[in-house]
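Data block for model-v8.cif (mmCIF, C-alpha atoms):
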data_query
#
loop_
_atom_site.group_PDB
_atom_site.id
_atom_site.type_symbol
_atom_site.label_atom_id
_atom_site.label_comp_id
_atom_site.auth_asym_id
_atom_site.auth_seq_id
_atom_site.Cartn_x
_atom_site.Cartn_y
_atom_site.Cartn_z
ATOM 1 C CA MET A 409 -126.264 -138.682 43.408
ATOM 2 C CA ARG A 410 -125.184 -135.363 44.849
ATOM 3 C CA ILE A 411 -121.634 -135.785 46.133
ATOM 4 C CA LEU A 412 -119.386 -133.289 47.932
ATOM 5 C CA SER A 413 -115.679 -133.977 48.419
ATOM 6 C CA THR A 414 -112.454 -132.373 49.592
ATOM 7 C CA LEU A 415 -110.364 -134.730 47.419
ATOM 8 C CA PHE A 416 -108.460 -133.880 44.222
ATOM 9 C CA SER A 417 -108.790 -130.114 44.724
ATOM 10 C CA THR A 418 -105.130 -129.551 43.767
ATOM 11 C CA ASP A 419 -104.780 -132.336 41.191
ATOM 12 C CA ALA A 420 -105.108 -132.151 37.435
ATOM 13 C CA PRO A 421 -108.768 -132.307 36.342
ATOM 14 C CA ILE A 422 -110.318 -135.779 36.412
ATOM 15 C CA PRO A 423 -113.283 -135.681 33.984
ATOM 16 C CA LEU A 424 -115.342 -138.434 35.632
ATOM 17 C CA TRP A 425 -114.895 -136.836 39.063
ATOM 18 C CA GLN A 426 -115.747 -133.356 37.797
ATOM 19 C CA GLU A 427 -118.930 -134.636 36.164
ATOM 20 C CA ARG A 428 -120.261 -136.242 39.314
ATOM 21 C CA VAL A 429 -118.690 -134.489 42.314
ATOM 22 C CA THR A 430 -118.665 -130.970 43.735
ATOM 23 C CA THR A 431 -115.193 -130.245 45.066
ATOM 24 C CA LEU A 432 -114.654 -128.164 48.195
ATOM 25 C CA ARG A 433 -111.114 -126.877 48.428
ATOM 26 C CA PRO A 434 -109.829 -127.220 52.020
ATOM 27 C CA SER A 435 -108.864 -123.996 53.768
ATOM 28 C CA GLY A 436 -105.526 -123.488 55.471
ATOM 29 C CA ALA A 437 -107.418 -123.313 58.771
ATOM 30 C CA ASP A 438 -109.085 -126.539 59.948
ATOM 31 C CA ALA A 439 -111.940 -124.666 61.605
ATOM 32 C CA VAL A 440 -112.856 -122.947 58.340
ATOM 33 C CA THR A 441 -112.918 -126.248 56.431
ATOM 34 C CA VAL A 442 -115.048 -127.876 59.119
ATOM 35 C CA GLY A 443 -117.460 -124.946 59.079
ATOM 36 C CA ARG A 444 -117.848 -125.034 55.300
ATOM 37 C CA LEU A 445 -118.484 -128.782 55.343
ATOM 38 C CA LEU A 446 -121.093 -128.453 58.095
ATOM 39 C CA LEU A 447 -122.825 -125.639 56.223
ATOM 40 C CA ARG A 448 -123.041 -127.444 52.880
ATOM 41 C CA ALA A 449 -123.474 -131.080 53.891
ATOM 42 C CA ARG A 450 -127.297 -131.105 53.935
ATOM 43 C CA GLN A 451 -127.349 -130.348 50.201
ATOM 44 C CA TYR A 452 -125.625 -133.651 49.365
ATOM 45 C CA ASP A 453 -126.351 -137.364 49.461
ATOM 46 C CA ALA A 454 -122.757 -138.320 50.225
ATOM 47 C CA LEU A 455 -119.463 -136.801 51.338
ATOM 48 C CA VAL A 456 -116.109 -138.200 50.253
ATOM 49 C CA LEU A 457 -113.578 -136.998 52.809
ATOM 50 C CA ASP A 458 -109.831 -137.225 53.351
ATOM 51 C CA GLY A 459 -109.095 -139.614 56.205
ATOM 52 C CA SER A 460 -105.636 -138.115 56.662
ATOM 53 C CA ALA A 461 -107.037 -134.615 57.357
ATOM 54 C CA ARG A 462 -108.054 -133.684 60.899
ATOM 55 C CA SER A 463 -110.634 -131.218 59.605
ATOM 56 C CA ASP A 464 -112.378 -133.915 57.566
ATOM 57 C CA GLN A 465 -112.372 -136.355 60.493
ATOM 58 C CA LEU A 466 -113.883 -133.750 62.808
ATOM 59 C CA ALA A 467 -116.519 -132.722 60.276
ATOM 60 C CA ALA A 468 -117.540 -136.362 59.764
ATOM 61 C CA ALA A 469 -117.890 -136.891 63.528
ATOM 62 C CA LEU A 470 -120.026 -133.772 63.933
ATOM 63 C CA LEU A 471 -122.199 -134.509 60.900
ATOM 64 C CA ARG A 472 -122.807 -138.116 61.932
ATOM 65 C CA SER A 473 -124.634 -136.804 65.003
ATOM 66 C CA ARG A 474 -127.223 -135.154 62.766
ATOM 67 C CA ARG A 475 -130.313 -137.123 61.829
ATOM 68 C CA GLY A 476 -130.901 -137.647 58.128
ATOM 69 C CA GLY A 477 -127.431 -136.526 57.139
ATOM 70 C CA PRO A 478 -125.351 -137.678 54.161
ATOM 71 C CA ALA A 479 -123.495 -140.948 53.725
ATOM 72 C CA PHE A 480 -119.720 -140.859 54.275
ATOM 73 C CA VAL A 481 -116.811 -142.371 52.384
ATOM 74 C CA ILE A 482 -113.548 -141.824 54.267
ATOM 75 C CA ALA A 483 -110.667 -142.161 51.796
ATOM 76 C CA ASP A 484 -107.060 -142.914 52.824
ATOM 77 C CA ALA A 485 -108.085 -144.137 56.288
ATOM 78 C CA THR A 486 -104.585 -145.336 57.160
ATOM 79 C CA TRP A 487 -104.492 -144.705 60.901
ATOM 80 C CA LYS A 488 -101.890 -146.306 63.108
ATOM 81 C CA VAL A 489 -102.658 -147.426 66.635
ATOM 82 C CA PRO A 490 -101.196 -145.023 69.239
ATOM 83 C CA ASP A 491 -98.464 -146.478 71.438
ATOM 84 C CA ARG A 492 -100.272 -145.596 74.673
ATOM 85 C CA ALA A 493 -103.249 -147.760 75.646
ATOM 86 C CA GLY A 494 -105.300 -144.768 76.769
ATOM 87 C CA ALA A 495 -104.756 -142.944 73.501
ATOM 88 C CA ALA A 496 -105.698 -146.053 71.531
ATOM 89 C CA CYS A 497 -108.934 -146.359 73.506
ATOM 90 C CA GLY A 498 -109.689 -142.697 72.885
ATOM 91 C CA LYS A 499 -109.099 -143.093 69.179
ATOM 92 C CA ARG A 500 -111.476 -146.077 69.037
ATOM 93 C CA MET A 501 -114.127 -143.963 70.751
ATOM 94 C CA ALA A 502 -113.571 -141.172 68.238
ATOM 95 C CA MET A 503 -113.881 -143.695 65.415
ATOM 96 C CA ARG A 504 -117.308 -144.693 66.668
ATOM 97 C CA LEU A 505 -118.455 -141.103 66.190
ATOM 98 C CA ILE A 506 -117.731 -141.447 62.461
ATOM 99 C CA ASP A 507 -118.843 -145.050 62.034
ATOM 100 C CA GLY A 508 -122.403 -145.879 61.013
ATOM 101 C CA GLU A 509 -124.603 -147.839 58.626
ATOM 102 C CA ARG A 510 -123.817 -145.355 55.862
ATOM 103 C CA THR A 511 -120.099 -144.925 56.497
ATOM 104 C CA THR A 512 -117.360 -146.714 54.558
ATOM 105 C CA PHE A 513 -113.641 -146.525 55.332
ATOM 106 C CA CYS A 514 -111.232 -146.922 52.400
ATOM 107 C CA VAL A 515 -107.814 -148.411 53.116
ATOM 108 C CA LEU A 516 -104.737 -148.941 50.960
ATOM 109 C CA SER A 517 -104.129 -152.689 51.268
ATOM 110 C CA ARG A 518 -105.971 -155.978 51.468
ATOM 111 C CA PHE A 519 -104.246 -156.579 54.792
ATOM 112 C CA GLU A 520 -105.866 -153.458 56.229
ATOM 113 C CA ALA A 521 -109.277 -154.331 54.819
ATOM 114 C CA ASP A 522 -109.357 -157.078 57.447
ATOM 115 C CA ARG A 523 -107.052 -155.624 60.085
ATOM 116 C CA PHE A 524 -108.621 -152.163 60.115
ATOM 117 C CA ALA A 525 -112.028 -153.590 60.997
ATOM 118 C CA TRP A 526 -110.539 -155.665 63.821
ATOM 119 C CA THR A 527 -108.332 -152.848 65.157
ATOM 120 C CA TRP A 528 -111.089 -150.271 65.355
ATOM 121 C CA ARG A 529 -113.935 -152.685 66.205
ATOM 122 C CA LEU A 530 -115.864 -152.084 62.971
ATOM 123 C CA ARG A 531 -117.926 -154.318 60.738
ATOM 124 C CA ARG A 532 -115.830 -155.739 57.898
ATOM 125 C CA SER A 533 -118.461 -154.693 55.341
ATOM 126 C CA ARG A 534 -117.690 -151.052 56.163
ATOM 127 C CA VAL A 535 -114.047 -151.280 55.043
ATOM 128 C CA ARG A 536 -112.891 -151.344 51.408
ATOM 129 C CA PHE A 537 -109.521 -151.657 49.697
ATOM 130 C CA THR A 538 -108.967 -148.843 47.187
ATOM 131 C CA PRO A 539 -105.435 -149.068 45.682
ATOM 132 C CA TRP A 540 -103.392 -145.888 46.024
ATOM 133 C CA PRO A 541 -102.566 -144.128 42.730
ATOM 134 C CA VAL A 542 -99.600 -142.414 41.121
ATOM 135 C CA THR A 543 -99.513 -138.876 42.529
ATOM 136 C CA LEU A 544 -96.705 -137.329 40.494
ATOM 137 C CA ILE A 545 -97.465 -133.721 39.610
ATOM 138 C CA SER A 546 -95.782 -133.839 36.197
ATOM 139 C CA SER A 547 -98.083 -134.757 33.323
ATOM 140 C CA ASP A 548 -95.250 -136.865 31.921
ATOM 141 C CA PRO A 549 -94.013 -139.232 34.677
ATOM 142 C CA MET A 550 -90.901 -140.091 32.660
ATOM 143 C CA HIS A 551 -89.837 -136.435 32.292
ATOM 144 C CA GLU A 552 -86.167 -136.046 33.222
ATOM 145 C CA SER A 553 -85.961 -139.558 34.690
ATOM 146 C CA THR A 554 -82.317 -140.678 34.574
ATOM 147 C CA ASP A 555 -79.966 -143.325 36.000
ATOM 148 C CA ASN A 556 -77.161 -141.730 38.034
ATOM 149 C CA GLY A 557 -75.702 -144.723 39.886
ATOM 150 C CA ARG A 558 -77.078 -143.583 43.241
ATOM 151 C CA VAL A 559 -79.567 -145.146 45.662
ATOM 152 C CA PHE A 560 -82.500 -143.066 46.885
ATOM 153 C CA ALA A 561 -84.847 -143.581 49.831
ATOM 154 C CA GLY A 562 -87.416 -141.055 51.007
ATOM 155 C CA GLY A 563 -90.463 -140.463 53.149
ATOM 156 C CA ASN A 564 -91.283 -140.303 56.843
ATOM 157 C CA SER A 565 -94.129 -142.692 57.570
ATOM 158 C CA LEU A 566 -93.162 -145.924 59.384
ATOM 159 C CA ARG A 567 -89.744 -146.205 57.709
ATOM 160 C CA ASP A 568 -86.963 -148.475 58.971
ATOM 161 C CA TYR A 569 -83.961 -146.481 57.810
ATOM 162 C CA ARG A 570 -81.677 -148.372 60.159
ATOM 163 C CA GLN A 571 -82.028 -151.353 57.827
ATOM 164 C CA LEU A 572 -80.744 -149.275 54.903
ATOM 165 C CA ILE A 573 -77.993 -147.548 56.910
ATOM 166 C CA ASP A 574 -76.732 -150.919 58.145
ATOM 167 C CA ALA A 575 -76.675 -152.133 54.532
ATOM 168 C CA ALA A 576 -74.915 -149.068 53.128
ATOM 169 C CA ASP A 577 -71.321 -150.296 53.543
ATOM 170 C CA GLU A 578 -72.126 -153.428 51.538
ATOM 171 C CA ILE A 579 -74.036 -151.427 48.916
ATOM 172 C CA GLY A 580 -71.012 -149.228 48.272
ATOM 173 C CA ALA A 581 -72.792 -146.705 46.012
ATOM 174 C CA PRO A 582 -73.914 -143.301 47.319
ATOM 175 C CA VAL A 583 -77.138 -143.557 49.350
ATOM 176 C CA ASP A 584 -79.398 -140.509 49.683
ATOM 177 C CA ILE A 585 -82.081 -140.602 52.405
ATOM 178 C CA ALA A 586 -84.639 -137.789 52.298
ATOM 179 C CA THR A 587 -86.474 -137.683 55.630
ATOM 180 C CA ASN A 588 -86.941 -135.629 58.758
ATOM 181 C CA THR A 589 -87.308 -138.647 61.047
ATOM 182 C CA LEU A 590 -83.617 -139.321 61.677
ATOM 183 C CA ASP A 591 -81.702 -137.629 64.482
ATOM 184 C CA ALA A 592 -79.168 -135.237 62.985
ATOM 185 C CA ASP A 593 -76.814 -135.944 65.909
ATOM 186 C CA ASP A 594 -76.484 -139.568 64.719
ATOM 187 C CA ALA A 595 -75.331 -138.590 61.221
ATOM 188 C CA SER A 596 -71.648 -138.589 62.190
ATOM 189 C CA GLY A 597 -71.903 -142.331 62.796
ATOM 190 C CA TYR A 598 -73.346 -143.172 59.375
ATOM 191 C CA PRO A 599 -71.217 -144.820 56.666
ATOM 192 C CA ALA A 600 -69.392 -142.299 54.485
ATOM 193 C CA ASN A 601 -71.609 -143.038 51.461
ATOM 194 C CA VAL A 602 -74.838 -142.075 53.308
ATOM 195 C CA THR A 603 -76.445 -138.638 53.169
ATOM 196 C CA ALA A 604 -79.520 -138.378 55.386
ATOM 197 C CA ARG A 605 -81.516 -135.193 56.023
ATOM 198 C CA SER A 606 -84.649 -133.312 55.087
ATOM 199 C CA PHE A 607 -84.789 -131.971 51.531
ATOM 200 C CA ALA A 608 -87.044 -129.448 49.797
ATOM 201 C CA ARG A 609 -89.796 -131.020 47.695
ATOM 202 C CA ALA A 610 -88.155 -130.078 44.398
ATOM 203 C CA ASP A 611 -84.864 -131.683 45.476
ATOM 204 C CA TYR A 612 -86.708 -134.771 46.734
ATOM 205 C CA ASP A 613 -88.428 -135.205 43.372
ATOM 206 C CA ALA A 614 -85.189 -134.610 41.462
ATOM 207 C CA MET A 615 -83.319 -137.287 43.463
ATOM 208 C CA LEU A 616 -86.172 -139.740 42.987
ATOM 209 C CA ARG A 617 -86.170 -139.184 39.227
ATOM 210 C CA ALA A 618 -82.377 -139.490 38.940
ATOM 211 C CA ALA A 619 -81.698 -142.538 41.128
ATOM 212 C CA SER A 620 -80.678 -145.904 39.730
ATOM 213 C CA VAL A 621 -82.391 -147.800 42.569
ATOM 214 C CA VAL A 622 -85.167 -146.623 44.900
ATOM 215 C CA VAL A 623 -85.329 -148.321 48.302
ATOM 216 C CA VAL A 624 -88.378 -148.207 50.593
ATOM 217 C CA PRO A 625 -87.409 -149.810 53.941
ATOM 218 C CA LEU A 626 -90.554 -150.300 56.020
ATOM 219 C CA GLU A 627 -91.405 -151.291 59.571
ATOM 220 C CA PRO A 628 -93.152 -154.686 59.963
ATOM 221 C CA ARG A 629 -96.408 -153.232 61.291
ATOM 222 C CA THR A 630 -99.412 -155.195 62.511
ATOM 223 C CA ASP A 631 -101.955 -152.357 62.171
ATOM 224 C CA ARG A 632 -101.432 -150.545 58.861
ATOM 225 C CA SER A 633 -99.453 -150.237 55.642
ATOM 226 C CA SER A 634 -97.239 -147.368 54.498
ATOM 227 C CA GLY A 635 -94.872 -146.235 51.750
ATOM 228 C CA GLN A 636 -97.289 -146.506 48.814
ATOM 229 C CA THR A 637 -96.777 -142.967 47.552
ATOM 230 C CA THR A 638 -93.008 -143.427 47.325
ATOM 231 C CA TYR A 639 -92.881 -146.809 45.648
ATOM 232 C CA VAL A 640 -95.888 -146.283 43.363
ATOM 233 C CA ASN A 641 -94.432 -142.997 42.084
ATOM 234 C CA ALA A 642 -91.021 -144.635 41.665
ATOM 235 C CA MET A 643 -92.698 -147.389 39.630
ATOM 236 C CA ALA A 644 -94.373 -144.775 37.423
ATOM 237 C CA LEU A 645 -90.929 -143.264 36.789
ATOM 238 C CA GLY A 646 -89.627 -146.626 35.603
ATOM 239 C CA LYS A 647 -87.342 -147.123 38.591
ATOM 240 C CA ALA A 648 -85.981 -150.411 39.878
ATOM 241 C CA ILE A 649 -87.347 -150.594 43.423
ATOM 242 C CA VAL A 650 -86.419 -152.611 46.503
ATOM 243 C CA VAL A 651 -89.128 -152.693 49.181
ATOM 244 C CA SER A 652 -89.414 -154.373 52.580
ATOM 245 C CA ASP A 653 -92.019 -157.124 52.798
ATOM 246 C CA ALA A 654 -94.360 -155.103 55.013
ATOM 247 C CA PRO A 655 -98.183 -155.192 54.929
ATOM 248 C CA GLY A 656 -99.646 -154.043 51.621
ATOM 249 C CA VAL A 657 -96.487 -154.185 49.518
ATOM 250 C CA ARG A 658 -97.523 -157.290 47.592
ATOM 251 C CA ASP A 659 -100.785 -155.594 46.574
ATOM 252 C CA TYR A 660 -98.662 -153.288 44.410
ATOM 253 C CA VAL A 661 -95.311 -154.980 43.730
ATOM 254 C CA ASP A 662 -94.818 -158.352 42.042
ATOM 255 C CA ASP A 663 -91.520 -159.663 43.416
ATOM 256 C CA GLY A 664 -89.013 -160.201 40.614
ATOM 257 C CA ASP A 665 -91.306 -158.705 37.971
ATOM 258 C CA THR A 666 -92.077 -155.092 38.923
ATOM 259 C CA GLY A 667 -89.679 -154.783 41.843
ATOM 260 C CA VAL A 668 -87.688 -156.693 44.458
ATOM 261 C CA ILE A 669 -89.146 -157.500 47.889
ATOM 262 C CA VAL A 670 -86.818 -158.267 50.809
ATOM 263 C CA PRO A 671 -87.547 -159.327 54.416
ATOM 264 C CA CYS A 672 -88.208 -156.515 56.881
ATOM 265 C CA GLY A 673 -85.156 -155.648 58.985
ATOM 266 C CA ASP A 674 -82.755 -157.835 56.994
ATOM 267 C CA ALA A 675 -79.880 -155.509 56.080
ATOM 268 C CA ALA A 676 -77.877 -158.266 54.368
ATOM 269 C CA ALA A 677 -80.770 -159.180 52.061
ATOM 270 C CA LEU A 678 -81.347 -155.515 51.274
ATOM 271 C CA ALA A 679 -77.679 -154.925 50.450
ATOM 272 C CA CYS A 680 -77.588 -158.016 48.237
ATOM 273 C CA ALA A 681 -80.696 -156.957 46.308
ATOM 274 C CA VAL A 682 -79.488 -153.392 45.768
ATOM 275 C CA ARG A 683 -75.969 -154.472 44.770
ATOM 276 C CA ALA A 684 -77.363 -156.933 42.227
ATOM 277 C CA LEU A 685 -79.476 -154.226 40.614
ATOM 278 C CA LEU A 686 -76.668 -151.680 40.547
ATOM 279 C CA SER A 687 -74.420 -154.172 38.759
ATOM 280 C CA ASP A 688 -77.004 -155.069 36.096
ATOM 281 C CA ARG A 689 -78.315 -152.093 34.143
ATOM 282 C CA GLN A 690 -80.410 -154.240 31.812
ATOM 283 C CA ARG A 691 -82.203 -155.877 34.721
ATOM 284 C CA ARG A 692 -82.874 -152.449 36.244
ATOM 285 C CA GLN A 693 -84.382 -151.342 32.979
ATOM 286 C CA ARG A 694 -86.539 -154.455 32.614
ATOM 287 C CA LEU A 695 -87.901 -154.159 36.143
ATOM 288 C CA GLY A 696 -88.447 -150.439 35.711
ATOM 289 C CA GLU A 697 -90.255 -150.768 32.390
ATOM 290 C CA ARG A 698 -92.633 -153.403 33.751
ATOM 291 C CA ALA A 699 -93.193 -151.355 36.930
ATOM 292 C CA ARG A 700 -93.930 -148.224 34.904
ATOM 293 C CA ARG A 701 -96.379 -150.040 32.639
ATOM 294 C CA HIS A 702 -98.204 -151.540 35.622
ATOM 295 C CA ALA A 703 -98.415 -148.228 37.507
ATOM 296 C CA LEU A 704 -99.591 -146.144 34.546
ATOM 297 C CA GLN A 705 -102.179 -148.723 33.512
ATOM 298 C CA ASN A 706 -103.550 -149.796 36.886
ATOM 299 C CA LEU A 707 -102.737 -147.121 39.478
ATOM 300 C CA THR A 708 -104.014 -143.904 37.922
ATOM 301 C CA LEU A 709 -105.763 -141.004 39.640
ATOM 302 C CA SER A 710 -108.787 -141.492 37.392
ATOM 303 C CA GLY A 711 -108.921 -145.170 38.355
ATOM 304 C CA TYR A 712 -108.721 -144.234 42.034
ATOM 305 C CA ALA A 713 -111.518 -141.700 41.579
ATOM 306 C CA GLU A 714 -113.653 -144.321 39.828
ATOM 307 C CA SER A 715 -113.120 -146.803 42.669
ATOM 308 C CA LEU A 716 -114.197 -144.172 45.226
ATOM 309 C CA LEU A 717 -117.347 -143.416 43.238
ATOM 310 C CA GLN A 718 -118.177 -147.125 43.246
ATOM 311 C CA VAL A 719 -117.760 -147.161 47.023
ATOM 312 C CA VAL A 720 -120.134 -144.178 47.259
ATOM 313 C CA GLU A 721 -122.754 -146.045 45.221
ATOM 314 C CA ASP A 722 -122.420 -149.149 47.373
ATOM 315 C CA THR A 723 -122.554 -147.129 50.590
ATOM 316 C CA LEU A 724 -125.735 -145.348 49.532
ATOM 317 C CA ALA A 725 -127.276 -148.647 48.426
ATOM 318 C CA GLY A 726 -126.930 -150.033 51.930
ATOM 319 C CA PRO A 727 -125.174 -152.846 53.828
ATOM 320 C CA MET A 728 -126.595 -155.705 51.729
ATOM 321 C CA ARG A 729 -125.160 -154.359 48.478
ATOM 322 C CA ARG A 730 -121.848 -153.472 50.117
ATOM 323 C CA THR A 731 -121.420 -157.001 51.408
ATOM 324 C CA ALA A 732 -122.275 -158.430 47.979
ATOM 325 C CA GLY A 733 -119.798 -156.031 46.381
ATOM 326 C CA ASP A 734 -117.027 -157.128 48.737
ATOM 327 C CA THR A 735 -117.752 -160.777 47.950
ATOM 328 C CA ALA A 736 -117.716 -160.136 44.214
ATOM 329 C CA ARG A 737 -114.344 -158.421 44.402
#

How does the structure come out when it is put into structure tokens?
Amino acid sequence: MRILSTLFSTDAPIPLWQERVTTLRPSGADAVTVGRLLLRARQYDALVLDGSARSDQLAAALLRSRRGGPAFVIADATWKVPDRAGAACGKRMAMRLIDGERTTFCVLSRFEADRFAWTWRLRRSRVRFTPWPVTLISSDPMHESTDNGRVFAGGNSLRDYRQLIDAADEIGAPVDIATNTLDADDASGYPANVTARSFARADYDAMLRAASVVVVPLEPRTDRSSGQTTYVNAMALGKAIVVSDAPGVRDYVDDGDTGVIVPCGDAAALACAVRALLSDRQRRQRLGERARRHALQNLTLSGYAESLLQVVEDTLAGPMRRTAGDTAR
């Protein structure tokens, strides 16, 4: 197979991927990336593209209109439904430009494997669950990981930080929220132990590594999952995590074994879970050790790359093999 991809261009080398895939490094300008993909696509049997990148989405739509073009695997296809009905309809129409017999969309949860197909009016056989990996840049995920008695929460996508802010008084310990989604004008009304603002990437990573408990409060969505990067990386660092029971979480976190799962929107349950972990260092360590072992064994970049290559093979083999592969898994 001749495969071209925009994925992993800034990650550490993945031997299996390098052996089988030609990597195209995205340009800072979307138009340049689209142009390079259009120019080179005919040389390849399949393209593995980044579903979160506008340039990759546009290139896939344009290339699908060509006869005899490559197959497509769209990784990280975690698209939320727009709030406005007209925009949602437009997005479904745009999706149809990418969809086809030799297109597969990869999503980050079993929930989405079913829901994505229904939401965007696609055949279920064209959607696959590919678990999201650890994306920490450091070669040693435990480097400088400490336990400072603080609570950390970070990220922007579909977070319910009101749940954590409402729980903060009961938590008692300092709570650091790294996000740009909260209104700075509301900060004066937060409990005194809450710091909430945007942080530089280096500071974000440092707070994540140092925290005693990492909280990922999520919205109870009906269309997509979110938060995987934050809680999977926290698991790889050996952190005790508390996560809302939103779609996809249970694909990664085993409640009571590799983390604690609490009901969405329930500030009292969140406060209780965090307080219990802060008061029991040994339990934090046990949860963190099991979470780290699970993440570093089962959620690696090389494992993610291997799963994408399997999807490419199934996509090129045709609908019958893809359906059989879904059934087998």

Self-check item: Neighbour list for Asp484 of chain A as an MDAnalysis selection string, cut-off 9 Å, only C-alpha atoms, skip fewer than 3 positions in-chain
Solution: chainID A and resid 457:460 487 513:516 538 540

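Distances to Ser634 of chain A were evaluated for A:Gly696, A:Gly443, A:Pro671, A:Gly563 using all atoms listed in the file, and the minimum falls at A:Gly563.
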
Quiz item: Ser473 of chain A: which residues within 9 Å, counting only C-alpha atoms, same-chain residues fewer than 5 positions away excluded, as a ChimeraX atom specification?
Solution: /A:468,505-506

Atoms to include: C-alpha atoms. Write the selected residues as a compact mmCIF listing (two decimals), in the frame of the given file.
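Okay, this is what ended up in out22.txt:
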# COMPACT_ATOMS: atom_id res chain seq x y z
CA ALA A 468 -117.54 -136.36 59.76
CA LEU A 505 -118.46 -141.10 66.19
CA ILE A 506 -117.73 -141.45 62.46

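Picked by the PyMOL selection byres ((chain A and resi 462) around 12) from the coordinates shown: Pro434, Gly436, Ala437, Asp438, Ala439, Thr441, Val442, Leu457, Asp458, Gly459, Ser460, Ala461, Ser463, Asp464, Gln465, Leu466, Ala467, Ala468, Ala469, Ile482, Ala485, Trp487 and Ala502 of chain A.
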
Exercise. Using the chain letters and numbering of this document, enumerate as an MDAnalysis selection string the residues selected by the PyMOL selection byres ((chain A and resi 542) around 6).
Key: chainID A and resid 541 543:544 640:641 707:708

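Atom CA of Ala703 of chain A is found 5.3 Å from atom CA of Ala644 of chain A.
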
Exercise. Tell me which residues the PyMOL selection byres ((chain A and resi 583) around 9) grabs here, as a PyMOL selection string.
Key: chain A and resi 558-561+572-573+576+579-582+584-585+601-604

Self-check item: Straight-line distance linking atom CA of Leu412 of chain A with atom CA of Val489 of chain A, stated in Å to one decimal
Solution: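 Taking atom CA of Leu412 of chain A and atom CA of Val489 of chain A, their separation equals 28.8 Å.
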
Quiz prompt | Residue nearest Arg700 of chain A - candidates A:Ser652, A:Ser553, A:Thr630, A:Asn564, atoms counted: only C-alpha atoms | solution =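 Closest candidate: A:Ser553.
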
Which residues are near Glu721 of chain A? Cut-off 12 Å, all atoms listed in the file, ignore same chain within fewer than 3 positions. Put them as a PDB file with C-alpha atoms, in the frame of the given file.
ATOM      1  CA  MET A 409    -126.264-138.682  43.408  1.00  0.00           C
ATOM      2  CA  ARG A 410    -125.184-135.363  44.849  1.00  0.00           C
ATOM      3  CA  ILE A 411    -121.634-135.785  46.133  1.00  0.00           C
ATOM      4  CA  ARG A 428    -120.261-136.242  39.314  1.00  0.00           C
ATOM      5  CA  ASP A 453    -126.351-137.364  49.461  1.00  0.00           C
ATOM      6  CA  ALA A 454    -122.757-138.320  50.225  1.00  0.00           C
ATOM      7  CA  LEU A 455    -119.463-136.801  51.338  1.00  0.00           C
ATOM      8  CA  VAL A 456    -116.109-138.200  50.253  1.00  0.00           C
ATOM      9  CA  ALA A 479    -123.495-140.948  53.725  1.00  0.00           C
ATOM     10  CA  PHE A 480    -119.720-140.859  54.275  1.00  0.00           C
ATOM     11  CA  VAL A 481    -116.811-142.371  52.384  1.00  0.00           C
ATOM     12  CA  ARG A 510    -123.817-145.355  55.862  1.00  0.00           C
ATOM     13  CA  THR A 511    -120.099-144.925  56.497  1.00  0.00           C
ATOM     14  CA  THR A 512    -117.360-146.714  54.558  1.00  0.00           C
ATOM     15  CA  GLU A 714    -113.653-144.321  39.828  1.00  0.00           C
ATOM     16  CA  SER A 715    -113.120-146.803  42.669  1.00  0.00           C
ATOM     17  CA  LEU A 716    -114.197-144.172  45.226  1.00  0.00           C
ATOM     18  CA  LEU A 717    -117.347-143.416  43.238  1.00  0.00           C
ATOM     19  CA  GLN A 718    -118.177-147.125  43.246  1.00  0.00           C
ATOM     20  CA  LEU A 724    -125.735-145.348  49.532  1.00  0.00           C
ATOM     21  CA  ALA A 725    -127.276-148.647  48.426  1.00  0.00           C
ATOM     22  CA  GLY A 726    -126.930-150.033  51.930  1.00  0.00           C
ATOM     23  CA  PRO A 727    -125.174-152.846  53.828  1.00  0.00           C
ATOM     24  CA  ARG A 729    -125.160-154.359  48.478  1.00  0.00           C
ATOM     25  CA  ARG A 730    -121.848-153.472  50.117  1.00  0.00           C
ATOM     26  CA  GLY A 733    -119.798-156.031  46.381  1.00  0.00           C
TER      27      GLY A 733
END

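Computed from the coordinates, the atom CA of Leu432 of chain A to atom CA of Ala449 of chain A distance equals 10.9 Å.
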
Edge lengths and centre, in Å to one decimal, as JSON: that's what I need for the box along x, y and z that holds all listed atoms of segment 634-640 of chain A plus 3 Å on each side.
{"center_x": -95.1, "center_y": -145.2, "center_z": 48.9, "size_x": 10.4, "size_y": 10.4, "size_z": 17.1}

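Candidate residues A:Thr723, A:Thr587, A:Thr418, A:Gln636 were compared for distance to Tyr612 of chain A, and the nearest is A:Thr587, using all atoms listed in the file.
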
Practice problem: Select, counting only C-alpha atoms, all protein, DNA and RNA residues no farther than 12 Å from (-90.4, -155.4, 48.0) in file coordinates, and express the selection as number ranges by chain. | Solution: A: 622-626, 635-636, 639-640, 643, 648-672, 677-678, 681-682

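Residues with any atom within 7 Å of Ser606 of chain A, counting all atoms listed in the file and excluding same-chain neighbours fewer than 2 positions away, are Ala586, Thr587, Asn588 and Ala608 of chain A.
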